[in-house]
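Visitor: See protein.txt below, with compact mmCIF, C-alpha atoms.
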# COMPACT_ATOMS: atom_id res chain seq x y z
CA MET A 1 0.00 0.00 0.00
CA ASN A 2 1.51 3.34 -0.99
CA LEU A 3 1.55 6.39 1.24
CA SER A 4 -1.31 8.00 -0.66
CA LEU A 5 -3.60 5.05 0.12
CA ILE A 6 -2.53 5.09 3.77
CA ARG A 7 -3.47 8.78 4.02
CA ARG A 8 -6.76 8.21 2.24
CA ASN A 9 -7.67 5.34 4.59
CA LEU A 10 -6.74 7.40 7.66
CA LEU A 11 -8.92 10.27 6.42
CA LEU A 12 -11.76 7.87 5.63
CA TRP A 13 -11.58 6.22 9.05
CA SER A 14 -11.32 9.51 10.95
CA VAL A 15 -14.29 11.05 9.11
CA SER A 16 -16.38 7.90 9.53
CA SER A 17 -15.50 7.52 13.21
CA LEU A 18 -16.71 11.06 13.90
CA LYS A 19 -19.64 11.37 11.50
CA LEU A 20 -20.68 7.83 10.45
CA PRO A 21 -19.90 5.33 13.23
CA LEU A 22 -21.78 2.50 11.49
CA LEU A 23 -19.49 2.86 8.48
CA PHE A 24 -16.48 2.90 10.80
CA TYR A 25 -17.73 -0.34 12.38
CA ILE A 26 -17.33 -2.39 9.18
CA ARG A 27 -13.87 -0.84 8.51
CA PRO A 28 -13.93 -0.45 4.71
CA ARG A 29 -10.57 0.09 3.03
CA VAL A 30 -9.52 2.09 -0.03
CA VAL A 31 -7.50 -0.38 -2.12
CA GLN A 32 -7.14 1.79 -5.24
CA TYR A 33 -7.66 5.45 -5.89
CA ASP A 34 -6.57 7.46 -8.90
CA GLU A 35 -8.02 10.03 -11.31
CA GLN A 36 -10.49 7.53 -12.73
CA VAL A 37 -11.12 4.66 -10.32
CA CYS A 38 -12.00 4.18 -6.67
CA ARG A 39 -11.99 0.64 -5.27
CA ILE A 40 -13.27 0.04 -1.76
CA GLN A 41 -12.92 -3.32 -0.02
CA VAL A 42 -15.29 -4.57 2.66
CA LYS A 43 -14.26 -7.78 4.36
CA LEU A 44 -16.78 -10.55 4.89
CA ASN A 45 -16.57 -11.18 8.62
CA ARG A 46 -18.70 -11.28 11.74
CA ARG A 47 -19.52 -7.58 11.37
CA SER A 48 -20.67 -7.74 7.75
CA ARG A 49 -22.12 -11.25 7.43
CA ASN A 50 -25.83 -12.07 7.42
CA HIS A 51 -27.61 -15.16 8.73
CA VAL A 52 -26.94 -17.20 5.55
CA GLY A 53 -23.20 -16.50 5.46
CA SER A 54 -23.09 -13.91 2.69
CA MET A 55 -22.55 -10.17 3.02
CA TYR A 56 -25.40 -8.32 4.67
CA PHE A 57 -27.39 -5.86 2.53
CA GLY A 58 -26.44 -2.95 4.78
CA ALA A 59 -22.72 -3.64 4.35
CA LEU A 60 -23.18 -3.90 0.58
CA ALA A 61 -25.04 -0.58 0.55
CA MET A 62 -22.31 1.12 2.60
CA GLY A 63 -19.57 -0.15 0.28
CA ALA A 64 -21.47 1.01 -2.80
CA GLU A 65 -22.10 4.42 -1.28
CA LEU A 66 -18.50 4.80 -0.22
CA SER A 67 -17.06 3.93 -3.62
CA ILE A 68 -18.66 7.15 -4.88
CA ALA A 69 -18.57 9.24 -1.70
CA ALA A 70 -14.83 8.72 -1.20
CA ALA A 71 -14.04 10.80 -4.30
CA ALA A 72 -16.28 13.58 -2.96
CA VAL A 73 -14.72 13.45 0.52
CA PHE A 74 -11.16 13.53 -0.84
CA GLN A 75 -11.95 16.41 -3.23
CA ILE A 76 -13.77 18.43 -0.57
CA PHE A 77 -10.88 17.89 1.84
CA ALA A 78 -8.41 19.05 -0.85
CA THR A 79 -10.38 22.24 -1.63
CA ARG A 80 -10.90 23.08 2.05
CA LYS A 81 -14.39 24.36 1.21
CA LYS A 82 -17.49 23.58 3.25
CA VAL A 83 -19.38 21.44 0.78
CA GLU A 84 -22.09 19.18 2.15
CA PHE A 85 -23.39 16.17 0.30
CA ILE A 86 -26.01 13.52 0.64
CA PHE A 87 -27.25 10.66 -1.49
CA LYS A 88 -30.68 11.34 -2.92
CA SER A 89 -31.43 7.94 -4.43
CA PHE A 90 -30.03 4.42 -4.46
CA LYS A 91 -30.82 1.59 -6.86
CA CYS A 92 -29.06 -1.74 -7.01
CA ASP A 93 -29.33 -5.11 -8.66
CA PHE A 94 -27.93 -8.17 -6.91
CA LEU A 95 -26.60 -10.65 -9.45
CA LYS A 96 -24.89 -13.19 -7.14
CA ARG A 97 -24.36 -13.80 -3.44
CA ALA A 98 -21.43 -11.98 -1.86
CA ASP A 99 -19.74 -14.99 -0.24
CA ALA A 100 -16.26 -13.47 0.11
CA ASP A 101 -14.64 -10.06 0.65
CA VAL A 102 -16.21 -7.56 -1.75
CA ILE A 103 -14.57 -4.86 -3.88
CA PHE A 104 -16.82 -1.94 -4.86
CA VAL A 105 -15.72 -0.14 -8.02
CA SER A 106 -16.59 3.33 -9.24
CA GLU A 107 -14.85 4.46 -12.41
CA LEU A 108 -16.18 8.02 -12.28
CA ASN A 109 -13.84 9.89 -9.90
CA GLU A 110 -13.27 12.75 -12.32
CA HIS A 111 -17.04 13.27 -12.65
CA VAL A 112 -17.53 13.29 -8.86
CA GLU A 113 -14.68 15.79 -8.49
CA ALA A 114 -16.26 17.95 -11.23
CA LEU A 115 -19.55 17.88 -9.30
CA VAL A 116 -17.73 19.18 -6.22
CA GLN A 117 -16.33 22.04 -8.32
CA ARG A 118 -19.81 22.79 -9.71
CA ALA A 119 -21.15 22.93 -6.15
CA ILE A 120 -18.41 25.38 -5.16
CA ARG A 121 -19.08 27.59 -8.21
CA GLY A 122 -22.84 27.33 -7.58
CA GLN A 123 -22.56 29.49 -4.46
CA GLY A 124 -25.12 27.60 -2.36
CA GLN A 125 -27.17 26.17 -5.21
CA ARG A 126 -27.74 22.43 -4.94
CA VAL A 127 -26.26 20.32 -7.75
CA GLU A 128 -26.74 16.63 -8.33
CA GLU A 129 -25.67 13.83 -10.63
CA THR A 130 -26.24 10.08 -10.85
CA PHE A 131 -23.25 7.75 -10.71
CA THR A 132 -22.92 4.02 -11.34
CA GLY A 133 -20.67 1.29 -10.05
CA TYR A 134 -20.36 -2.43 -9.56
CA ALA A 135 -19.12 -4.93 -7.03
CA VAL A 136 -17.04 -8.11 -7.37
CA THR A 137 -15.67 -10.59 -4.85
CA VAL A 138 -11.96 -11.10 -4.31
CA LYS A 139 -12.52 -14.79 -5.10
CA ASN A 140 -13.81 -13.99 -8.58
CA PRO A 141 -12.92 -10.41 -9.62
CA GLN A 142 -14.12 -10.99 -13.21
CA GLU A 143 -17.74 -11.66 -12.24
CA LYS A 144 -19.95 -8.77 -11.13
CA ILE A 145 -22.14 -9.59 -8.16
CA MET A 146 -23.90 -6.23 -7.86
CA LEU A 147 -24.68 -3.22 -10.04
CA TYR A 148 -25.63 0.06 -8.39
CA GLN A 149 -26.67 3.58 -9.20
CA LEU A 150 -26.64 6.46 -6.71
CA THR A 151 -27.63 10.10 -7.10
CA LEU A 152 -25.27 12.43 -5.25
CA SER A 153 -26.56 15.85 -4.24
CA MET A 154 -24.31 18.59 -2.89
CA LYS A 155 -24.04 22.29 -2.23
CA LEU A 156 -21.62 24.79 -0.77
CA ARG A 157 -22.57 25.49 2.82
CA SER A 158 -22.99 29.15 3.72
CA SER A 159 -20.50 30.49 6.25
How would this structure read if it were set down as structure tokens?
Guide:
Amino acid sequence: MNLSLIRRNLLLWSVSSLKLPLLFYIRPRVVQYDEQVCRIQVKLNRRSRNHVGSMYFGALAMGAELSIAAAAVFQIFATRKKVEFIFKSFKCDFLKRADADVIFVSELNEHVEALVQRAIRGQGQRVEETFTGYAVTVKNPQEKIMLYQLTLSMKLRSS
């Protein structure tokens, strides 16, 4: 893991521990982050497993959300502006059971970062955009187990 990923994980864990303790509880990890792609890993363990041994819906939803939200958090942190965001809608299709650690992939980082910039330029006007992603297991990274679509809404907070 390079230093950039270590910093990103520390930021993610500190923000989630203060603002989203349920997210902190499952301890997701940024395993790849660059201009295009964000990959978040959620381990299948006692905290994330359901009664049939696969990943619990709530853990899957948090991983999907985070694969898109991470780009927003990192961009907002870099700009040092007070931009608030929330997810307005969430749609997902489950294709297979998540019976191993899951990697959530969003290949739209540049679009999320552009949305943050639009929110800053919007001077308090709410902006939103819909983003897509998918999930795979570490056992079979070629086979998608989940497709998801989230609408991210954000605005610059007034001082």
Visitor: Between A:Ile145, A:Leu44, A:Ala72, A:Val83, single out the one closest to Gln125 (chain A), counting all atoms listed in the file.
Guide: A:Val83
Visitor: In terms of the shortest atom-to-atom distance over all atoms listed in the file, which of A:Leu147, A:Ala70, A:Leu156, A:Val52 is closest to Gln123 (chain A)?
Guide: A:Leu156
Visitor: Taking all atoms listed in the file into account, name the residue in A:Ser153, A:Ala135, A:Gln117, A:Ala98 that is nearest to Arg80 (chain A).
Guide: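 Result for the nearest residue to Arg80 (chain A): A:Gln117.
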Visitor: Go through A:Val73, A:Gly53, A:Glu129, A:Met154 one by one, measure the shortest atom-to-atom distance of each to Ser16 (chain A) using only C-alpha atoms, and give the residue with the smallest value.
Guide: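 Among A:Val73, A:Gly53, A:Glu129, A:Met154, it is A:Val73 that comes nearest to Ser16 (chain A).
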Visitor: Any idea what the distance is between CA of Asp99 (chain A) and CA of Phe131 (chain A)?
Guide: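 Going from CA of Asp99 (chain A) over to CA of Phe131 (chain A), I get 25.3 Å.
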